[in-house]
file structure.pdb (PDB, C-alpha atoms, pLDDT in the B column)
MODEL        1
ATOM      1  CA  MET T 263      31.677 -14.907  34.840  1.00 54.00           C
ATOM      2  CA  SER T 264      33.745 -16.280  32.026  1.00 72.00           C
ATOM      3  CA  ARG T 265      32.401 -14.025  29.254  1.00 74.00           C
ATOM      4  CA  PRO T 266      31.614 -10.305  29.187  1.00 75.00           C
ATOM      5  CA  TYR T 267      28.077  -9.082  28.578  1.00 70.00           C
ATOM      6  CA  PHE T 268      27.079  -8.200  25.024  1.00 64.00           C
ATOM      7  CA  THR T 269      27.393  -4.535  24.104  1.00 68.00           C
ATOM      8  CA  GLU T 270      24.416  -2.692  22.601  1.00 64.00           C
ATOM      9  CA  ASP T 271      25.907  -3.101  19.104  1.00 63.00           C
ATOM     10  CA  GLU T 272      26.413  -6.819  19.595  1.00 62.00           C
ATOM     11  CA  LYS T 273      22.774  -7.230  20.640  1.00 57.00           C
ATOM     12  CA  MET T 274      21.528  -5.871  17.310  1.00 57.00           C
ATOM     13  CA  ALA T 275      20.443  -8.483  14.812  1.00 57.00           C
ATOM     14  CA  TYR T 276      22.501  -8.759  11.672  1.00 55.00           C
ATOM     15  CA  SER T 277      21.285 -10.300   8.466  1.00 57.00           C
ATOM     16  CA  PRO T 278      23.402 -10.361   5.303  1.00 60.00           C
ATOM     17  CA  PHE T 279      20.202 -10.381   3.230  1.00 54.00           C
ATOM     18  CA  PRO T 280      18.763  -9.079   1.056  1.00 61.00           C
ATOM     19  CA  LYS T 281      21.826  -9.097  -1.140  1.00 82.00           C
ATOM     20  CA  TRP T 282      20.067  -7.072  -3.814  1.00 89.00           C
ATOM     21  CA  THR T 283      20.253  -3.304  -3.300  1.00 89.00           C
ATOM     22  CA  TRP T 284      17.172  -1.075  -3.054  1.00 90.00           C
ATOM     23  CA  LYS T 285      17.863   0.317  -6.514  1.00 94.00           C
ATOM     24  CA  GLU T 286      18.100  -3.181  -7.992  1.00 94.00           C
ATOM     25  CA  THR T 287      14.948  -4.384  -6.238  1.00 94.00           C
ATOM     26  CA  ASN T 288      13.029  -1.342  -7.461  1.00 95.00           C
ATOM     27  CA  THR T 289      14.231  -1.998 -11.015  1.00 97.00           C
ATOM     28  CA  ILE T 290      13.081  -5.636 -10.835  1.00 97.00           C
ATOM     29  CA  ARG T 291       9.745  -4.659  -9.290  1.00 96.00           C
ATOM     30  CA  ARG T 292       9.131  -1.883 -11.835  1.00 97.00           C
ATOM     31  CA  ILE T 293       9.884  -4.168 -14.815  1.00 97.00           C
ATOM     32  CA  LEU T 294       7.557  -6.875 -13.518  1.00 96.00           C
ATOM     33  CA  GLU T 295       4.767  -4.426 -12.687  1.00 95.00           C
ATOM     34  CA  ASN T 296       4.986  -3.027 -16.228  1.00 95.00           C
ATOM     35  CA  LYS T 297       4.545  -6.595 -17.473  1.00 95.00           C
ATOM     36  CA  GLY T 298       1.465  -7.129 -15.293  1.00 94.00           C
ATOM     37  CA  TYR T 299       2.884  -8.977 -12.276  1.00 95.00           C
ATOM     38  CA  SER T 300       2.418  -7.733  -8.725  1.00 94.00           C
ATOM     39  CA  ILE T 301       5.428  -8.660  -6.580  1.00 95.00           C
ATOM     40  CA  THR T 302       7.050  -7.803  -3.297  1.00 94.00           C
ATOM     41  CA  ILE T 303      10.773  -8.453  -2.953  1.00 94.00           C
ATOM     42  CA  CYS T 304      11.770  -9.922   0.397  1.00 91.00           C
ATOM     43  CA  SER T 305      13.997 -12.622   1.878  1.00 89.00           C
ATOM     44  CA  ARG T 306      12.961 -16.141   2.832  1.00 90.00           C
ATOM     45  CA  VAL T 307      14.622 -19.211   4.321  1.00 88.00           C
ATOM     46  CA  GLY T 308      15.291 -21.913   1.741  1.00 88.00           C
ATOM     47  CA  CYS T 309      15.464 -25.665   2.226  1.00 89.00           C
ATOM     48  CA  ASP T 310      19.135 -25.246   3.166  1.00 87.00           C
ATOM     49  CA  ARG T 311      18.026 -23.175   6.205  1.00 86.00           C
ATOM     50  CA  LYS T 312      19.754 -20.030   4.885  1.00 87.00           C
ATOM     51  CA  TYR T 313      18.242 -16.708   3.866  1.00 88.00           C
ATOM     52  CA  HIS T 314      17.814 -15.979   0.164  1.00 91.00           C
ATOM     53  CA  ASP T 315      16.300 -13.182  -1.873  1.00 93.00           C
ATOM     54  CA  ALA T 316      12.695 -13.937  -2.826  1.00 95.00           C
ATOM     55  CA  TRP T 317       9.592 -12.591  -4.533  1.00 96.00           C
ATOM     56  CA  GLU T 318       6.220 -12.705  -2.836  1.00 96.00           C
ATOM     57  CA  VAL T 319       3.595 -13.033  -5.573  1.00 97.00           C
ATOM     58  CA  GLU T 320      -0.049 -13.929  -6.093  1.00 95.00           C
ATOM     59  CA  ARG T 321      -0.571 -17.702  -6.217  1.00 95.00           C
ATOM     60  CA  LYS T 322      -2.481 -17.399  -9.470  1.00 94.00           C
ATOM     61  CA  ASP T 323       0.664 -15.966 -11.111  1.00 95.00           C
ATOM     62  CA  ILE T 324       2.978 -18.784  -9.955  1.00 96.00           C
ATOM     63  CA  PRO T 325       2.600 -21.089 -13.004  1.00 95.00           C
ATOM     64  CA  ARG T 326       3.234 -18.237 -15.434  1.00 95.00           C
ATOM     65  CA  LEU T 327       6.225 -16.868 -13.491  1.00 96.00           C
ATOM     66  CA  ILE T 328       7.771 -20.316 -13.024  1.00 96.00           C
ATOM     67  CA  GLU T 329       7.466 -20.922 -16.758  1.00 96.00           C
ATOM     68  CA  GLN T 330       9.175 -17.590 -17.479  1.00 96.00           C
ATOM     69  CA  LEU T 331      11.986 -18.384 -15.026  1.00 97.00           C
ATOM     70  CA  PHE T 332      12.300 -21.899 -16.476  1.00 96.00           C
ATOM     71  CA  ARG T 333      12.791 -20.424 -19.943  1.00 95.00           C
ATOM     72  CA  GLN T 334      15.647 -18.296 -18.596  1.00 94.00           C
ATOM     73  CA  ARG T 335      17.238 -21.334 -16.834  1.00 95.00           C
ATOM     74  CA  ILE T 336      16.766 -19.856 -13.360  1.00 96.00           C
ATOM     75  CA  VAL T 337      16.302 -22.425 -10.589  1.00 95.00           C
ATOM     76  CA  VAL T 338      13.984 -21.481  -7.719  1.00 96.00           C
ATOM     77  CA  GLU T 339      12.030 -22.896  -4.799  1.00 96.00           C
ATOM     78  CA  VAL T 340       8.362 -22.111  -4.285  1.00 96.00           C
ATOM     79  CA  GLN T 341       6.892 -21.743  -0.822  1.00 94.00           C
ATOM     80  CA  ALA T 342       3.277 -21.225   0.195  1.00 93.00           C
ATOM     81  CA  GLU T 343       2.447 -18.019   2.029  1.00 92.00           C
ATOM     82  CA  GLY T 344      -0.842 -16.932   3.537  1.00 88.00           C
ATOM     83  CA  HIS T 345      -3.777 -15.062   1.973  1.00 91.00           C
ATOM     84  CA  GLY T 346      -3.414 -16.228  -1.629  1.00 94.00           C
ATOM     85  CA  LYS T 347       0.303 -15.495  -1.825  1.00 96.00           C
ATOM     86  CA  ALA T 348       3.368 -17.618  -2.512  1.00 97.00           C
ATOM     87  CA  SER T 349       7.076 -16.882  -2.531  1.00 96.00           C
ATOM     88  CA  ILE T 350       9.616 -17.653  -5.211  1.00 97.00           C
ATOM     89  CA  ASN T 351      12.959 -18.177  -3.471  1.00 96.00           C
ATOM     90  CA  PHE T 352      16.200 -17.689  -5.403  1.00 95.00           C
ATOM     91  CA  VAL T 353      18.176 -20.363  -3.554  1.00 92.00           C
ATOM     92  CA  TYR T 354      21.163 -20.225  -5.901  1.00 92.00           C
ATOM     93  CA  ASP T 355      21.750 -16.583  -4.911  1.00 91.00           C
ATOM     94  CA  TYR T 356      21.619 -15.136  -8.403  1.00 93.00           C
ATOM     95  CA  SER T 357      22.955 -11.613  -8.707  1.00 93.00           C
ATOM     96  CA  ALA T 358      20.434  -8.873  -9.280  1.00 94.00           C
ATOM     97  CA  SER T 359      21.897  -8.183 -12.731  1.00 94.00           C
ATOM     98  CA  GLN T 360      21.132 -11.787 -13.776  1.00 95.00           C
ATOM     99  CA  ILE T 361      17.544 -11.444 -12.568  1.00 96.00           C
ATOM    100  CA  ILE T 362      17.117  -8.043 -14.246  1.00 97.00           C
ATOM    101  CA  ASP T 363      18.348  -9.517 -17.538  1.00 97.00           C
ATOM    102  CA  ALA T 364      15.902 -12.395 -17.149  1.00 96.00           C
ATOM    103  CA  VAL T 365      12.811 -10.349 -16.238  1.00 96.00           C
ATOM    104  CA  THR T 366      13.312  -8.015 -19.197  1.00 96.00           C
ATOM    105  CA  ARG T 367      12.697 -11.089 -21.391  1.00 96.00           C
ATOM    106  CA  PHE T 368       9.506 -12.132 -19.574  1.00 96.00           C
ATOM    107  CA  GLN T 369       6.286 -12.154 -21.546  1.00 94.00           C
ATOM    108  CA  ILE T 370       3.486  -9.780 -20.596  1.00 93.00           C
ATOM    109  CA  ASN T 371       0.843 -11.180 -18.260  1.00 90.00           C
ATOM    110  CA  LYS T 372      -2.181 -11.370 -20.576  1.00 84.00           C
ATOM    111  CA  GLU T 373      -4.520 -12.156 -17.664  1.00 79.00           C
ATOM    112  CA  VAL T 374      -4.207  -8.546 -16.463  1.00 69.00           C
ATOM    113  CA  VAL T 375      -5.582  -5.631 -18.439  1.00 55.00           C
ATOM    114  CA  LEU T 376      -2.772  -3.049 -18.643  1.00 51.00           C
TER
ENDMDL
END

call {"tool": "encode", "arguments": {"input": "structure.pdb", "output": "structure tokens"}}
result
Amino acid sequence: MSRPYFTEDEKMAYSPFPKWTWKETNTIRRILENKGYSITICSRVGCDRKYHDAWEVERKDIPRLIEQLFRQRIVVEVQAEGHGKASINFVYDYSASQIIDAVTRFQINKEVVL
């Protein structure tokens, strides 16, 4: 044999994502839920075949969220998910502080009774 077997540590999968910390993701999620948007923060593969931080949201909220992100000059990809969901992928790897600053400026979702 030319190579040694993998150790137990080497067999474990390693993913450098999500880059946002739990505290940052909870802050983003809390701000958006207070504004009437239901999101789940996850990671998805972008068109460059690399993992990126993403939001999984209701499809009906996509136009409103994309408009809000557009106003803040944040570039994203949108990907269809199952069961009435879609994901917004942050393919430019924005820092969590940039996203937190942006979501604090989002308008309230008037379709949802708060």

call {"tool": "residues_around", "arguments": {"input": "structure.pdb", "residues": "Glu339 (chain T)", "least_positions_apart": "6", "cutoff": "10 Å", "atoms": "all atoms listed in the file", "output": "list of chain:residue names"}}
result
T:Gly308, T:Cys309, T:Ala316, T:Ile328, T:Ser349, T:Ile350, T:Asn351, T:Phe352, T:Val353, T:Tyr354

call {"tool": "atom_distance", "arguments": {"input": "structure.pdb", "atom1": "CA of Ile361 (chain T)", "atom2": "CA of Tyr313 (chain T)"}}
result
17.3 Å

call {"tool": "residues_around", "arguments": {"input": "structure.pdb", "residues": "Glu295 (chain T)", "least_positions_apart": "6", "cutoff": "10 Å", "atoms": "all atoms listed in the file", "output": "list of chain:residue names"}}
result
T:Thr289, T:Ile301, T:Ile370, T:Asn371, T:Leu376

call {"tool": "resolve_selection", "arguments": {"input": "structure.pdb", "expression": "the PyMOL selection byres ((chain T and resi 324) around 12)", "output": "PyMOL selection string"}}
result
chain T and resi 299-301+317-323+325-332+338-342+346-351+371

call {"tool": "atom_distance", "arguments": {"input": "structure.pdb", "atom1": "CA of Val307 (chain T)", "atom2": "CA of Leu294 (chain T)"}}
result
22.8 Å

call {"tool": "atom_distance", "arguments": {"input": "structure.pdb", "atom1": "CA of Trp284 (chain T)", "atom2": "CA of Thr302 (chain T)"}}
result
12.2 Å

call {"tool": "closest_residue", "arguments": {"input": "structure.pdb", "among": "T:Tyr267, T:Ile293, T:Lys281, T:Gly298", "to": "Ala364 (chain T)", "atoms": "all atoms listed in the file"}}
result
T:Ile293

call {"tool": "resolve_selection", "arguments": {"input": "structure.pdb", "expression": "the PyMOL selection byres ((chain T and resi 283) around 12)", "output": "list in words"}}
result
Pro278, Phe279, Pro280, Lys281, Trp282, Trp284, Lys285, Glu286, Thr287, Asn288, Thr289, Ile290, Ile303, Cys304, Asp315, Ser357, Ala358 and Ser359 of chain T

call {"tool": "write_last_selection", "arguments": {"input": "structure.pdb", "atoms": "C-alpha atoms", "output": "JSON list (two decimals), in the frame of the given file"}}
result
[["chain", "number", "residue", "atom", "x", "y", "z"],
["T", 278, "PRO", "CA", 23.40, -10.36, 5.30],
["T", 279, "PHE", "CA", 20.20, -10.38, 3.23],
["T", 280, "PRO", "CA", 18.76, -9.08, 1.06],
["T", 281, "LYS", "CA", 21.83, -9.10, -1.14],
["T", 282, "TRP", "CA", 20.07, -7.07, -3.81],
["T", 284, "TRP", "CA", 17.17, -1.08, -3.05],
["T", 285, "LYS", "CA", 17.86, 0.32, -6.51],
["T", 286, "GLU", "CA", 18.10, -3.18, -7.99],
["T", 287, "THR", "CA", 14.95, -4.38, -6.24],
["T", 288, "ASN", "CA", 13.03, -1.34, -7.46],
["T", 289, "THR", "CA", 14.23, -2.00, -11.02],
["T", 290, "ILE", "CA", 13.08, -5.64, -10.84],
["T", 303, "ILE", "CA", 10.77, -8.45, -2.95],
["T", 304, "CYS", "CA", 11.77, -9.92, 0.40],
["T", 315, "ASP", "CA", 16.30, -13.18, -1.87],
["T", 357, "SER", "CA", 22.96, -11.61, -8.71],
["T", 358, "ALA", "CA", 20.43, -8.87, -9.28],
["T", 359, "SER", "CA", 21.90, -8.18, -12.73]]

call {"tool": "closest_residue", "arguments": {"input": "structure.pdb", "among": "T:Asp355, T:Val365, T:Arg333, T:Gln360", "to": "Ser305 (chain T)", "atoms": "all atoms listed in the file"}}
result
T:Asp355

call {"tool": "closest_residue", "arguments": {"input": "structure.pdb", "among": "T:Asp310, T:Val337, T:Gly344, T:Lys297", "to": "Arg367 (chain T)", "atoms": "all atoms listed in the file"}}
result
T:Lys297

call {"tool": "closest_residue", "arguments": {"input": "structure.pdb", "among": "T:Ser264, T:Arg306, T:Gln334, T:Lys312", "to": "Gln369 (chain T)", "atoms": "all atoms listed in the file"}}
result
T:Gln334

call {"tool": "build_atoms", "arguments": {"input": "structure.pdb", "residues": "region 283-294 of chain T", "atoms": "all heavy atoms", "output": "compact mmCIF listing (two decimals), keeping the file's coordinate frame"}}
result
# COMPACT_ATOMS: atom_id res chain seq x y z
N THR T 283 20.38 -4.66 -3.83
CA THR T 283 20.25 -3.30 -3.30
C THR T 283 18.84 -2.79 -3.53
O THR T 283 18.06 -3.36 -4.31
CB THR T 283 21.25 -2.35 -3.97
OG1 THR T 283 20.90 -2.23 -5.36
CG2 THR T 283 22.68 -2.85 -3.82
N TRP T 284 18.50 -1.68 -2.87
CA TRP T 284 17.17 -1.08 -3.05
C TRP T 284 16.96 -0.66 -4.50
O TRP T 284 15.87 -0.83 -5.06
CB TRP T 284 17.00 0.14 -2.14
CG TRP T 284 16.73 -0.23 -0.73
CD1 TRP T 284 17.59 -0.12 0.33
CD2 TRP T 284 15.53 -0.82 -0.20
NE1 TRP T 284 17.01 -0.59 1.47
CE2 TRP T 284 15.74 -1.02 1.17
CE3 TRP T 284 14.32 -1.18 -0.76
CZ2 TRP T 284 14.77 -1.57 2.00
CZ3 TRP T 284 13.36 -1.72 0.06
CH2 TRP T 284 13.59 -1.92 1.42
N LYS T 285 17.98 -0.11 -5.12
CA LYS T 285 17.86 0.32 -6.51
C LYS T 285 17.58 -0.89 -7.42
O LYS T 285 16.73 -0.83 -8.30
CB LYS T 285 19.14 1.03 -6.94
CG LYS T 285 19.08 1.60 -8.33
CD LYS T 285 20.36 2.34 -8.67
CE LYS T 285 20.28 2.89 -10.07
NZ LYS T 285 21.51 3.56 -10.47
N GLU T 286 18.30 -1.98 -7.18
CA GLU T 286 18.10 -3.18 -7.99
C GLU T 286 16.71 -3.78 -7.76
O GLU T 286 16.05 -4.20 -8.72
CB GLU T 286 19.18 -4.21 -7.66
CG GLU T 286 20.57 -3.80 -8.10
CD GLU T 286 21.67 -4.63 -7.49
OE1 GLU T 286 21.47 -5.24 -6.41
OE2 GLU T 286 22.76 -4.69 -8.09
N THR T 287 16.27 -3.82 -6.51
CA THR T 287 14.95 -4.38 -6.24
C THR T 287 13.85 -3.53 -6.86
O THR T 287 12.87 -4.06 -7.37
CB THR T 287 14.69 -4.54 -4.73
OG1 THR T 287 14.82 -3.29 -4.09
CG2 THR T 287 15.63 -5.54 -4.11
N ASN T 288 14.02 -2.22 -6.83
CA ASN T 288 13.03 -1.34 -7.46
C ASN T 288 13.01 -1.52 -8.97
O ASN T 288 11.95 -1.46 -9.59
CB ASN T 288 13.29 0.12 -7.10
CG ASN T 288 12.83 0.44 -5.69
OD1 ASN T 288 11.92 -0.20 -5.17
ND2 ASN T 288 13.47 1.41 -5.08
N THR T 289 14.17 -1.75 -9.57
CA THR T 289 14.23 -2.00 -11.02
C THR T 289 13.50 -3.29 -11.36
O THR T 289 12.69 -3.32 -12.29
CB THR T 289 15.70 -2.08 -11.48
OG1 THR T 289 16.36 -0.86 -11.16
CG2 THR T 289 15.79 -2.35 -12.97
N ILE T 290 13.75 -4.35 -10.60
CA ILE T 290 13.08 -5.64 -10.84
C ILE T 290 11.57 -5.48 -10.67
O ILE T 290 10.80 -5.92 -11.51
CB ILE T 290 13.63 -6.72 -9.89
CG1 ILE T 290 15.09 -7.03 -10.21
CG2 ILE T 290 12.78 -7.99 -9.95
CD1 ILE T 290 15.80 -7.86 -9.16
N ARG T 291 11.17 -4.84 -9.58
CA ARG T 291 9.74 -4.66 -9.29
C ARG T 291 9.06 -3.84 -10.38
O ARG T 291 7.98 -4.17 -10.85
CB ARG T 291 9.57 -3.98 -7.92
CG ARG T 291 8.14 -3.90 -7.46
CD ARG T 291 8.02 -3.09 -6.20
NE ARG T 291 8.72 -1.82 -6.23
CZ ARG T 291 8.29 -0.73 -6.90
NH1 ARG T 291 7.17 -0.77 -7.57
NH2 ARG T 291 8.99 0.38 -6.87
N ARG T 292 9.70 -2.76 -10.81
CA ARG T 292 9.13 -1.88 -11.84
C ARG T 292 8.96 -2.63 -13.16
O ARG T 292 7.91 -2.53 -13.82
CB ARG T 292 10.01 -0.66 -12.03
CG ARG T 292 9.36 0.43 -12.85
CD ARG T 292 10.18 1.70 -12.96
NE ARG T 292 11.16 1.94 -11.91
CZ ARG T 292 12.48 1.76 -12.04
NH1 ARG T 292 13.00 1.35 -13.18
NH2 ARG T 292 13.29 2.00 -11.04
N ILE T 293 9.97 -3.40 -13.56
CA ILE T 293 9.88 -4.17 -14.82
C ILE T 293 8.72 -5.15 -14.75
O ILE T 293 7.93 -5.25 -15.69
CB ILE T 293 11.22 -4.90 -15.10
CG1 ILE T 293 12.31 -3.90 -15.44
CG2 ILE T 293 11.04 -5.90 -16.24
CD1 ILE T 293 13.71 -4.51 -15.46
N LEU T 294 8.62 -5.88 -13.64
CA LEU T 294 7.56 -6.88 -13.52
C LEU T 294 6.17 -6.23 -13.42
O LEU T 294 5.21 -6.77 -13.95
CB LEU T 294 7.82 -7.80 -12.33
CG LEU T 294 8.96 -8.79 -12.56
CD1 LEU T 294 9.29 -9.54 -11.29
CD2 LEU T 294 8.61 -9.76 -13.68
